[in-house]
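Asker: Got a file for you: work.cif, mmCIF, C-alpha atoms.
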data_run
#
loop_
_atom_site.label_atom_id
_atom_site.label_comp_id
_atom_site.auth_asym_id
_atom_site.auth_seq_id
_atom_site.Cartn_x
_atom_site.Cartn_y
_atom_site.Cartn_z
CA MET A 28 -84.83 73.18 19.42
CA SER A 29 -84.44 69.76 17.85
CA ALA A 30 -83.04 68.57 21.21
CA GLY A 31 -86.67 68.39 22.34
CA TYR A 32 -87.44 65.61 19.86
CA PRO A 33 -86.50 61.98 20.51
CA LYS A 34 -83.90 61.81 17.74
CA GLY A 35 -82.25 65.07 18.81
CA ARG A 36 -82.25 63.98 22.45
CA ARG A 37 -80.69 60.63 21.57
CA ARG A 38 -78.02 62.31 19.47
CA ARG A 39 -77.31 64.78 22.27
CA ALA A 40 -76.96 61.91 24.77
CA GLU A 41 -74.53 60.12 22.43
CA ILE A 42 -72.38 63.25 22.21
CA VAL A 43 -72.33 63.65 26.01
CA GLU A 44 -71.34 59.98 26.33
CA ALA A 45 -68.49 60.34 23.82
CA ALA A 46 -67.28 63.56 25.45
CA SER A 47 -67.35 61.97 28.88
CA ALA A 48 -65.18 59.09 27.64
CA LYS A 49 -62.75 61.49 25.99
CA PHE A 50 -62.44 63.80 29.01
CA ALA A 51 -61.93 60.76 31.25
CA SER A 52 -59.05 59.47 29.16
CA VAL A 53 -57.16 62.60 28.09
CA GLY A 54 -58.64 65.37 30.24
CA TYR A 55 -60.70 68.37 29.18
CA ARG A 56 -57.86 70.55 27.86
CA ASN A 57 -56.43 67.80 25.71
CA ALA A 58 -59.77 66.72 24.23
CA SER A 59 -60.65 67.98 20.76
CA MET A 60 -64.16 68.74 19.56
CA VAL A 61 -63.24 67.31 16.15
CA GLN A 62 -62.27 64.00 17.77
CA ILE A 63 -65.38 63.89 19.94
CA ALA A 64 -67.55 64.50 16.87
CA ALA A 65 -65.76 61.67 15.06
CA ASP A 66 -66.12 59.34 18.06
CA CYS A 67 -69.91 59.57 17.95
CA GLY A 68 -70.25 59.87 14.19
CA VAL A 69 -71.62 63.40 13.95
CA SER A 70 -70.30 66.22 11.81
CA ARG A 71 -68.54 69.19 13.39
CA MET A 72 -71.63 71.23 12.44
CA GLY A 73 -73.92 68.66 14.06
CA LEU A 74 -71.86 68.84 17.25
CA ALA A 75 -71.94 72.66 17.21
CA HIS A 76 -75.73 72.55 16.87
CA HIS A 77 -76.00 70.81 20.25
CA PHE A 78 -72.90 72.27 21.91
CA PRO A 79 -71.55 75.51 20.45
CA THR A 80 -68.47 75.41 22.73
CA LYS A 81 -66.33 72.82 24.50
CA GLU A 82 -67.24 74.55 27.79
CA ALA A 83 -70.94 73.89 27.11
CA LEU A 84 -70.15 70.25 26.45
CA LEU A 85 -68.17 69.96 29.70
CA ALA A 86 -71.06 71.50 31.64
CA ALA A 87 -73.43 68.96 30.07
CA VAL A 88 -71.14 66.05 30.95
CA LEU A 89 -70.92 67.09 34.62
CA GLU A 90 -74.65 67.78 34.81
CA GLU A 91 -75.47 64.37 33.33
CA ARG A 92 -73.11 62.53 35.72
CA ASP A 93 -74.55 64.36 38.72
CA ARG A 94 -78.07 63.58 37.54
CA VAL A 95 -77.34 59.85 37.24
CA ASN A 96 -75.53 59.61 40.59
CA GLY A 97 -78.25 61.69 42.21
CA GLU A 98 -80.99 59.39 40.92
CA LEU A 99 -79.07 56.23 41.79
CA PHE A 100 -77.92 57.21 45.27
CA PHE A 101 -79.04 60.54 46.62
CA THR A 102 -82.73 61.04 45.84
CA GLY A 103 -84.44 62.55 48.87
CA PHE A 104 -81.52 62.30 51.29
CA ASP A 105 -81.21 64.66 54.26
CA ALA A 106 -77.87 64.35 56.06
CA THR A 107 -79.08 66.59 58.91
CA ALA A 108 -82.02 64.27 59.61
CA ASP A 109 -80.42 60.84 59.20
CA GLY A 110 -76.62 60.66 59.13
CA LEU A 111 -76.60 56.88 58.96
CA ASP A 112 -78.77 56.89 55.85
CA TYR A 113 -76.42 59.43 54.27
CA PHE A 114 -73.31 57.32 54.94
CA SER A 115 -75.12 54.24 53.67
CA ARG A 116 -75.77 56.03 50.38
CA LEU A 117 -72.19 57.27 50.22
CA ALA A 118 -70.73 53.81 50.95
CA ARG A 119 -72.89 52.30 48.22
CA LEU A 120 -71.70 54.98 45.81
CA VAL A 121 -68.05 54.14 46.63
CA GLU A 122 -68.80 50.44 46.02
CA HIS A 123 -70.61 51.26 42.78
CA ASN A 124 -67.61 53.33 41.62
CA ALA A 125 -65.53 50.16 41.47
CA THR A 126 -67.79 49.06 38.58
CA VAL A 127 -67.42 52.29 36.57
CA PRO A 128 -63.69 53.01 36.18
CA GLU A 129 -64.28 55.48 33.36
CA LEU A 130 -66.50 57.62 35.54
CA VAL A 131 -64.00 57.52 38.41
CA SER A 132 -61.29 58.54 35.97
CA LEU A 133 -63.45 61.40 34.67
CA TYR A 134 -63.77 62.98 38.11
CA ALA A 135 -60.15 62.26 39.06
CA VAL A 136 -58.79 63.85 35.89
CA LEU A 137 -61.13 66.85 35.89
CA SER A 138 -60.86 67.66 39.59
CA VAL A 139 -57.07 67.92 39.35
CA GLU A 140 -57.12 69.77 36.03
CA ALA A 141 -59.71 72.18 37.47
CA ALA A 142 -57.36 73.33 40.23
CA ASP A 143 -56.40 76.04 37.74
CA PRO A 144 -58.78 78.97 38.44
CA ALA A 145 -58.96 79.57 34.67
CA HIS A 146 -60.37 76.07 34.05
CA PRO A 147 -64.08 76.18 33.09
CA ALA A 148 -64.94 73.57 35.76
CA HIS A 149 -62.99 75.29 38.56
CA THR A 150 -66.03 76.79 40.29
CA TYR A 151 -68.01 73.60 39.77
CA PHE A 152 -65.39 71.54 41.65
CA VAL A 153 -64.79 74.09 44.41
CA ASP A 154 -68.56 74.17 45.02
CA ARG A 155 -68.83 70.40 44.74
CA TYR A 156 -66.29 69.83 47.51
CA THR A 157 -67.86 72.53 49.67
CA HIS A 158 -71.23 70.77 49.38
CA ILE A 159 -69.88 67.28 50.01
CA ARG A 160 -67.92 68.45 53.07
CA ARG A 161 -71.06 70.13 54.41
CA ASP A 162 -73.18 66.99 53.89
CA ILE A 163 -70.60 64.76 55.60
CA ARG A 164 -70.29 67.25 58.49
CA ASP A 165 -74.08 67.33 58.83
CA ALA A 166 -74.21 63.54 58.89
CA LEU A 167 -71.43 63.26 61.49
CA GLU A 168 -73.07 65.89 63.70
CA GLU A 169 -76.43 64.16 63.49
CA LEU A 170 -74.84 60.85 64.50
CA HIS A 171 -72.86 62.56 67.24
CA ALA A 172 -76.05 64.12 68.63
CA ARG A 173 -77.56 60.62 68.78
CA GLY A 174 -74.49 59.30 70.64
CA LEU A 175 -73.49 57.05 67.74
CA VAL A 176 -69.95 58.39 67.20
CA ARG A 177 -67.28 56.23 68.86
CA PRO A 178 -65.80 57.86 71.96
CA GLY A 179 -62.38 59.36 71.24
CA THR A 180 -63.27 60.06 67.60
CA SER A 181 -62.86 63.72 66.72
CA ILE A 182 -65.42 64.72 64.11
CA ALA A 183 -64.12 68.30 63.71
CA GLY A 184 -62.55 68.45 60.25
CA ALA A 185 -63.23 64.76 59.61
CA GLU A 186 -65.38 65.68 56.60
CA SER A 187 -62.21 66.69 54.71
CA ASP A 188 -60.56 63.40 55.67
CA LEU A 189 -63.44 61.21 54.55
CA ILE A 190 -63.76 62.77 51.12
CA ALA A 191 -59.95 62.71 50.84
CA LEU A 192 -59.99 59.01 51.67
CA ILE A 193 -62.48 58.34 48.86
CA ASP A 194 -60.52 60.44 46.34
CA GLY A 195 -57.13 59.07 47.35
CA LEU A 196 -58.22 55.44 47.22
CA GLN A 197 -59.39 56.14 43.67
CA VAL A 198 -55.88 57.21 42.64
CA GLN A 199 -54.42 53.90 43.84
CA TRP A 200 -57.30 51.90 42.39
CA LEU A 201 -57.07 53.57 38.95
CA LEU A 202 -53.34 52.80 38.84
CA ASP A 203 -53.88 49.20 39.95
CA PRO A 204 -57.41 47.88 40.57
CA THR A 205 -56.02 44.91 42.51
CA SER A 206 -54.19 47.16 44.98
CA VAL A 207 -57.18 48.22 47.06
CA ASP A 208 -60.88 47.51 47.70
CA MET A 209 -62.31 51.04 47.84
CA GLY A 210 -65.69 50.11 49.28
CA ALA A 211 -64.22 47.85 51.97
CA ARG A 212 -61.69 50.49 53.06
CA PHE A 213 -64.34 53.20 53.25
CA ARG A 214 -66.70 51.00 55.30
CA GLN A 215 -63.79 50.00 57.55
CA ARG A 216 -63.07 53.68 58.24
CA LEU A 217 -66.72 54.38 59.02
CA SER A 218 -66.83 51.39 61.38
CA GLU A 219 -63.83 52.83 63.25
CA MET A 220 -65.64 56.16 63.67
CA LEU A 221 -69.17 54.99 64.44
CA LEU A 222 -70.77 52.77 67.08
CA VAL A 223 -73.36 51.56 64.60
CA GLU A 224 -72.94 49.53 61.44
CA VAL A 225 -73.60 51.39 58.19
CA PRO A 226 -76.22 49.43 56.19
CA MET B 22 -21.15 64.33 27.38
CA SER B 23 -21.35 68.06 27.94
CA ALA B 24 -23.83 67.33 30.75
CA GLY B 25 -20.80 66.52 32.87
CA TYR B 26 -19.51 70.11 32.68
CA PRO B 27 -20.94 72.86 34.87
CA LYS B 28 -22.56 74.77 32.02
CA GLY B 29 -24.14 71.63 30.55
CA ARG B 30 -25.33 70.53 33.97
CA ARG B 31 -26.87 73.94 34.66
CA ARG B 32 -28.63 73.95 31.31
CA ARG B 33 -29.91 70.43 31.92
CA ALA B 34 -31.26 71.49 35.34
CA GLU B 35 -33.04 74.47 33.79
CA ILE B 36 -34.72 72.20 31.26
CA VAL B 37 -35.85 69.80 33.99
CA GLU B 38 -37.24 72.75 35.97
CA ALA B 39 -39.16 74.10 32.96
CA ALA B 40 -40.50 70.65 32.09
CA SER B 41 -41.59 70.08 35.68
CA ALA B 42 -43.56 73.35 35.64
CA LYS B 43 -45.15 72.49 32.31
CA PHE B 44 -46.13 68.93 33.31
CA ALA B 45 -47.56 70.29 36.58
CA SER B 46 -49.80 72.76 34.79
CA VAL B 47 -50.99 70.92 31.68
CA GLY B 48 -49.96 67.30 32.27
CA TYR B 49 -47.43 65.21 30.41
CA ARG B 50 -49.52 64.36 27.37
CA ASN B 51 -50.49 67.96 26.75
CA ALA B 52 -46.98 69.36 27.18
CA SER B 53 -44.99 70.15 24.04
CA MET B 54 -41.23 69.85 23.72
CA VAL B 55 -41.22 73.00 21.58
CA GLN B 56 -42.94 74.94 24.37
CA ILE B 57 -40.62 73.56 27.06
CA ALA B 58 -37.59 74.53 24.97
CA ALA B 59 -39.02 78.05 24.56
CA ASP B 60 -39.77 78.30 28.31
CA CYS B 61 -36.14 77.82 29.22
CA GLY B 62 -34.65 79.60 26.22
CA VAL B 63 -32.97 76.67 24.50
CA SER B 64 -33.31 75.62 20.90
CA ARG B 65 -35.20 72.46 19.98
CA MET B 66 -31.77 71.01 19.05
CA GLY B 67 -30.33 72.03 22.40
CA LEU B 68 -33.21 70.32 24.16
CA ALA B 69 -32.77 67.17 22.06
CA HIS B 70 -29.08 67.10 22.98
CA HIS B 71 -29.99 66.66 26.66
CA PHE B 72 -33.30 64.82 26.22
CA PRO B 73 -33.84 63.05 22.92
CA THR B 74 -37.46 62.18 23.82
CA LYS B 75 -40.26 63.56 26.00
CA GLU B 76 -40.22 60.23 27.86
CA ALA B 77 -36.58 60.80 28.81
CA LEU B 78 -37.46 64.27 30.07
CA LEU B 79 -40.34 62.92 32.17
CA ALA B 80 -38.02 60.31 33.70
CA ALA B 81 -35.53 63.06 34.57
CA VAL B 82 -38.25 65.21 36.18
CA LEU B 83 -39.45 62.35 38.39
CA GLU B 84 -35.90 61.32 39.28
CA GLU B 85 -35.00 64.89 40.25
CA ARG B 86 -38.12 65.32 42.41
CA ASP B 87 -37.49 62.02 44.17
CA ARG B 88 -33.85 62.98 44.73
CA VAL B 89 -34.79 66.33 46.33
CA ASN B 90 -37.54 64.86 48.53
CA GLY B 91 -35.24 62.01 49.45
CA GLU B 92 -32.48 64.37 50.52
CA LEU B 93 -34.84 66.68 52.38
CA PHE B 94 -36.89 64.07 54.21
CA PHE B 95 -35.91 60.45 53.74
CA THR B 96 -32.12 60.13 53.95
CA GLY B 97 -31.26 57.06 55.98
CA PHE B 98 -34.77 56.20 57.15
CA ASP B 99 -35.72 52.64 58.08
CA ALA B 100 -39.45 52.22 58.69
CA THR B 101 -38.96 48.68 60.03
CA ALA B 102 -36.57 49.95 62.73
CA ASP B 103 -38.28 53.17 63.80
CA GLY B 104 -41.89 53.72 62.73
CA LEU B 105 -42.19 56.96 64.68
CA ASP B 106 -39.22 58.45 62.88
CA TYR B 107 -40.76 57.43 59.55
CA PHE B 108 -44.11 59.09 60.33
CA SER B 109 -42.30 62.18 61.56
CA ARG B 110 -40.53 62.45 58.18
CA LEU B 111 -43.79 61.82 56.33
CA ALA B 112 -45.70 64.44 58.37
CA ARG B 113 -42.97 67.00 57.71
CA LEU B 114 -43.15 66.20 53.99
CA VAL B 115 -46.94 66.77 54.03
CA GLU B 116 -46.38 70.12 55.80
CA HIS B 117 -43.64 71.04 53.34
CA ASN B 118 -45.94 70.22 50.43
CA ALA B 119 -48.17 73.16 51.43
CA THR B 120 -45.26 75.44 50.45
CA VAL B 121 -44.72 73.89 47.00
CA PRO B 122 -48.09 73.83 45.18
CA GLU B 123 -46.45 73.29 41.81
CA LEU B 124 -44.80 70.10 43.01
CA VAL B 125 -48.03 68.85 44.56
CA SER B 126 -49.78 69.59 41.29
CA LEU B 127 -47.08 67.72 39.35
CA TYR B 128 -47.67 64.49 41.26
CA ALA B 129 -51.45 64.91 41.34
CA VAL B 130 -51.64 65.46 37.57
CA LEU B 131 -49.16 62.75 36.61
CA SER B 132 -50.43 60.06 38.99
CA VAL B 133 -53.94 60.33 37.54
CA GLU B 134 -52.73 60.61 33.93
CA ALA B 135 -50.49 57.58 34.51
CA ALA B 136 -53.44 55.32 35.34
CA ASP B 137 -53.37 54.54 31.62
CA PRO B 138 -51.04 51.50 31.27
CA ALA B 139 -49.70 53.04 28.05
CA HIS B 140 -48.48 56.16 29.89
CA PRO B 141 -44.67 56.26 30.18
CA ALA B 142 -44.88 56.88 33.95
CA HIS B 143 -47.41 54.09 34.62
CA THR B 144 -44.90 51.62 36.04
CA TYR B 145 -43.17 54.38 37.99
CA PHE B 146 -46.40 55.30 39.80
CA VAL B 147 -47.55 51.72 40.37
CA ASP B 148 -44.14 50.98 41.93
CA ARG B 149 -44.14 54.25 43.86
CA TYR B 150 -47.44 53.41 45.58
CA THR B 151 -46.33 49.85 46.25
CA HIS B 152 -43.21 51.16 48.00
CA ILE B 153 -45.00 53.84 50.01
CA ARG B 154 -47.67 51.37 51.16
CA ARG B 155 -44.92 48.95 52.22
CA ASP B 156 -43.05 51.65 54.16
CA ILE B 157 -46.21 52.79 55.96
CA ARG B 158 -47.12 49.17 56.75
CA ASP B 159 -43.61 48.57 58.11
CA ALA B 160 -43.84 51.68 60.27
CA LEU B 161 -47.28 50.73 61.64
CA GLU B 162 -46.15 47.19 62.40
CA GLU B 163 -43.04 48.41 64.17
CA LEU B 164 -45.16 50.77 66.31
CA HIS B 165 -47.70 48.02 66.94
CA ALA B 166 -44.94 45.68 68.11
CA ARG B 167 -43.87 48.36 70.58
CA GLY B 168 -47.45 48.73 71.86
CA LEU B 169 -47.75 52.27 70.52
CA VAL B 170 -50.84 51.77 68.32
CA ARG B 171 -54.06 52.90 70.02
CA PRO B 172 -56.24 49.96 71.11
CA GLY B 173 -59.15 49.44 68.72
CA THR B 174 -57.15 50.76 65.76
CA SER B 175 -56.94 48.24 62.95
CA ILE B 176 -53.65 48.61 61.10
CA ALA B 177 -54.46 45.99 58.44
CA GLY B 178 -54.89 47.90 55.19
CA ALA B 179 -54.38 51.26 56.91
CA GLU B 180 -51.36 51.95 54.68
CA SER B 181 -53.74 52.43 51.72
CA ASP B 182 -55.89 54.79 53.79
CA LEU B 183 -53.01 56.98 54.97
CA ILE B 184 -51.55 57.53 51.53
CA ALA B 185 -55.11 58.08 50.21
CA LEU B 186 -55.65 60.70 52.91
CA ILE B 187 -52.51 62.55 51.82
CA ASP B 188 -53.43 62.38 48.11
CA GLY B 189 -57.07 63.27 48.65
CA LEU B 190 -56.34 66.26 50.86
CA GLN B 191 -54.10 67.53 48.05
CA VAL B 192 -57.03 67.53 45.61
CA GLN B 193 -59.08 69.75 47.95
CA TRP B 194 -56.08 71.95 48.75
CA LEU B 195 -55.15 72.46 45.09
CA LEU B 196 -58.73 73.51 44.32
CA ASP B 197 -58.87 75.84 47.32
CA PRO B 198 -55.82 76.28 49.59
CA THR B 199 -58.00 77.80 52.33
CA SER B 200 -60.26 74.74 52.46
CA VAL B 201 -57.93 72.44 54.39
CA ASP B 202 -54.68 72.34 56.38
CA MET B 203 -53.03 69.20 54.98
CA GLY B 204 -50.33 68.88 57.62
CA ALA B 205 -52.73 69.41 60.53
CA ARG B 206 -55.23 66.86 59.19
CA PHE B 207 -52.51 64.25 58.63
CA ARG B 208 -51.08 64.75 62.14
CA GLN B 209 -54.60 64.59 63.58
CA ARG B 210 -55.16 61.23 61.88
CA LEU B 211 -51.84 59.88 63.18
CA SER B 212 -52.71 61.07 66.69
CA GLU B 213 -55.97 59.11 66.49
CA MET B 214 -54.08 55.96 65.52
CA LEU B 215 -51.06 56.19 67.80
CA LEU B 216 -50.51 56.44 71.56
CA VAL B 217 -47.42 58.57 71.06
CA GLU B 218 -47.09 62.02 69.57
CA VAL B 219 -45.33 62.20 66.19
CA PRO B 220 -42.44 64.69 66.47
#
Could you take the file, read its structure, and then write that structure out as structure tokens?
Answerer:
Amino acid sequence: MSAGYPKGRRRRAEIVEAASAKFASVGYRNASMVQIAADCGVSRMGLAHHFPTKEALLAAVLEERDRVNGELFFTGFDATADGLDYFSRLARLVEHNATVPELVSLYAVLSVEAADPAHPAHTYFVDRYTHIRRDIRDALEELHARGLVRPGTSIAGAESDLIALIDGLQVQWLLDPTSVDMGARFRQRLSEMLLVEVP
Amino acid sequence: MSAGYPKGRRRRAEIVEAASAKFASVGYRNASMVQIAADCGVSRMGLAHHFPTKEALLAAVLEERDRVNGELFFTGFDATADGLDYFSRLARLVEHNATVPELVSLYAVLSVEAADPAHPAHTYFVDRYTHIRRDIRDALEELHARGLVRPGTSIAGAESDLIALIDGLQVQWLLDPTSVDMGARFRQRLSEMLLVEVP
């Protein structure tokens, strides 16, 4: 596979980058392989060599974005062992998102489009939310066990609310970046729930 | 205008219904006028008679949805005069949404697509969020003035959080309706913020 050689790897990365930008702006369904090939200056045959189908390209885009976010924010985390550390990573991710509107748009567009069970990323997004809810629940339970959750705060089901808050703030922020400070709102919410400041 | 006669009005309503379903499933950009005409059994000329452009059809869809939700939930409300009444209407709307997935999908798809300033519904959605945030802020301030906001609850900026919660829960619910009870979560959040139960 030429993808193993530097030139092939670089070309592959350029295609993933172009596809990511296209999916973020027009969605997966509306994106054309011909246009993506043109955007990164490869032939349709060259594109097919790396990604025989649009589904394969979508999978590569999501895998790459998860890899980057994982390396930047979630290497070695364990929400069951240190809930505060987990929320600190999550809060920094929300703050970082305000610097990468295209990436925020990518997830916002795809997650809604993928509600259709026939969408190739449907299972990916269902699983993604299941995992994030579990991590947030683990973190809240760990903090609760240490007596760090504010009295009167119900943590049952709060994992859905916190991820909803992040997603919903993104909708307002994408429409008008001056309308809301996503990182500040998320930290404010955490400070209302916890007795300890999130670093 | 034939739209003033019963038959023309009925035909127009059928077109708006078909367009709403199409926008909800594939988005505005991806929807074709030819397909919408076919979906409701009118000719392309017949469609053009009622809606000369796709933009005009989108405007009619949004206007119709706002009219129905307005009639069902928001006739005669005044958030500045009775915040509890406003939240009661909003909570009932969130509960109602769980019975109309197509409508929830319509707003979720369009609001994200409309982040692009060139999208014909961009201004509509920016204004929509501005108005909803103002109404929620008015309602919270009215309740705060009556001493009905729970001590320790910061209402500054909470209008962005509450609408984000509603929008974000929709993303999870559209992906997997069994994953979250939108109405219950929204009422739970209100109960954490307020000293009075929302009817």
Asker: Find the residues near A:Pro147: any atom within 9 Å, counting only C-alpha atoms, skip ones fewer than 3 places away on the same chain, and give them as a PDB file with C-alpha atoms, in the frame of the given file.
Answerer:
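Listed below is the output, result00.pdb:
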ATOM      1  CA  GLU A  82     -67.240  74.550  27.790  1.00  0.00           C
ATOM      2  CA  LEU A  85     -68.170  69.960  29.700  1.00  0.00           C
ATOM      3  CA  ALA A  86     -71.060  71.500  31.640  1.00  0.00           C
ATOM      4  CA  ALA A 141     -59.710  72.180  37.470  1.00  0.00           C
ATOM      5  CA  ASP A 143     -56.400  76.040  37.740  1.00  0.00           C
ATOM      6  CA  PRO A 144     -58.780  78.970  38.440  1.00  0.00           C
ATOM      7  CA  THR A 150     -66.030  76.790  40.290  1.00  0.00           C
ATOM      8  CA  TYR A 151     -68.010  73.600  39.770  1.00  0.00           C
TER       9      TYR A 151
END
Asker: List the spatial neighbours of A:Met60 as a list of chain:residue names - criterion: any atom at most 8 Å away, only C-alpha atoms, same-chain residues fewer than 3 positions off excluded.
Answerer: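 Using only C-alpha atoms, the neighbours found are A:Ile63, A:Ala64, A:Arg71, A:Lys81.
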Asker: Check which residues of chain B sit at most 6 Å from chain A using all atoms listed in the file, and return one row each with the closest pair of atoms and their distance in Å to one decimal, ordered by chain and rising number, as CSV.
Answerer:
residue,atom,partner,partner_atom,distance
B:Ala136,CA,A:Leu202,CA,4.3
B:Ala185,CA,A:Gly195,CA,3.6
B:Leu186,CA,A:Leu192,CA,4.8
B:Asp188,CA,A:Gly195,CA,5.0
B:Gly189,CA,A:Ala191,CA,3.7
B:Leu190,CA,A:Ala191,CA,5.1
B:Leu195,CA,A:Ala142,CA,5.4
B:Leu196,CA,A:Ala142,CA,4.3
Asker: If you measure from atom CA of A:Ala75 to atom CA of A:Ala148, what distance in Å do you get, rounded to one decimal?
Answerer: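 Distance between the two atoms: 19.8 Å.
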Asker: Using the chain letters and numbers from the file, which residues does the PyMOL selection byres ((chain B and resi 70) around 12) grab, as a list in words?
Answerer: Met22, Ser23, Ala24, Gly29, Arg32, Arg33, Ile36, Ala58, Val63, Ser64, Arg65, Met66, Gly67, Leu68, Ala69, His71, Phe72, Pro73, Thr74, Ala77 and Leu78 of chain B
Asker: Kindly extract all protein, DNA and RNA residues lying within 9 Å of the coordinates (-66.3, 59.0, 33.3) given in the file, considering only C-alpha atoms, and supply them as number ranges by chain.
Answerer: A: 44, 47-52, 88, 92, 127-134
Asker: What separation in Å, quoted to one decimal, exists between atom CA of B:Glu218 and atom CA of B:Gly97?
Answerer: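 Those two atoms sit 21.4 Å apart.
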Asker: Adding 3 Å on each side of the box along x, y and z that holds all listed atoms of stretch 109-123 of chain A, could you give its centre and edge lengths in Å to one decimal, as JSON?
Answerer:
{"center_x": -74.2, "center_y": 55.6, "center_z": 51.0, "size_x": 18.4, "size_y": 16.4, "size_z": 22.4}
Asker: Rounded to one decimal in Å, what is the spacing between atom CA of B:Asp103 and atom CA of B:Asp87?
Answerer: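 Straight-line distance from atom CA of B:Asp103 to atom CA of B:Asp87 works out to 21.5 Å.
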Asker: Scan for residues within 8 Å of the point (-47.7, 61.0, 66.4) in the coordinates of the file, using only C-alpha atoms, and reply as a list in words.
Answerer: Leu105, Phe108, Ser109, Arg208, Leu211, Ser212, Leu215, Leu216, Val217, Glu218, Val219 and Pro220 of chain B
Asker: Any chance you could resolve the PyMOL selection byres ((chain A and resi 169) around 9) against this file and give the residues as a list in words?
Answerer: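 Evaluating the PyMOL selection byres ((chain A and resi 169) around 9) on these coordinates yields Ala106, Thr107, Ala108, Asp109, Gly110, Leu111, Arg164, Asp165, Ala166, Leu167, Glu168, Leu170, His171, Ala172, Arg173, Gly174 and Leu175 of chain A.
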Asker: Please produce a file of those selected residues containing C-alpha atoms, as a short mmCIF file (atom, residue, chain, number, x, y, z; two decimals), in the frame of the given file.
Answerer:
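What landed in result-v4.cif:
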data_model
loop_
_atom_site.label_atom_id
_atom_site.label_comp_id
_atom_site.auth_asym_id
_atom_site.auth_seq_id
_atom_site.Cartn_x
_atom_site.Cartn_y
_atom_site.Cartn_z
CA ALA A 106 -77.87 64.35 56.06
CA THR A 107 -79.08 66.59 58.91
CA ALA A 108 -82.02 64.27 59.61
CA ASP A 109 -80.42 60.84 59.20
CA GLY A 110 -76.62 60.66 59.13
CA LEU A 111 -76.60 56.88 58.96
CA ARG A 164 -70.29 67.25 58.49
CA ASP A 165 -74.08 67.33 58.83
CA ALA A 166 -74.21 63.54 58.89
CA LEU A 167 -71.43 63.26 61.49
CA GLU A 168 -73.07 65.89 63.70
CA LEU A 170 -74.84 60.85 64.50
CA HIS A 171 -72.86 62.56 67.24
CA ALA A 172 -76.05 64.12 68.63
CA ARG A 173 -77.56 60.62 68.78
CA GLY A 174 -74.49 59.30 70.64
CA LEU A 175 -73.49 57.05 67.74
#
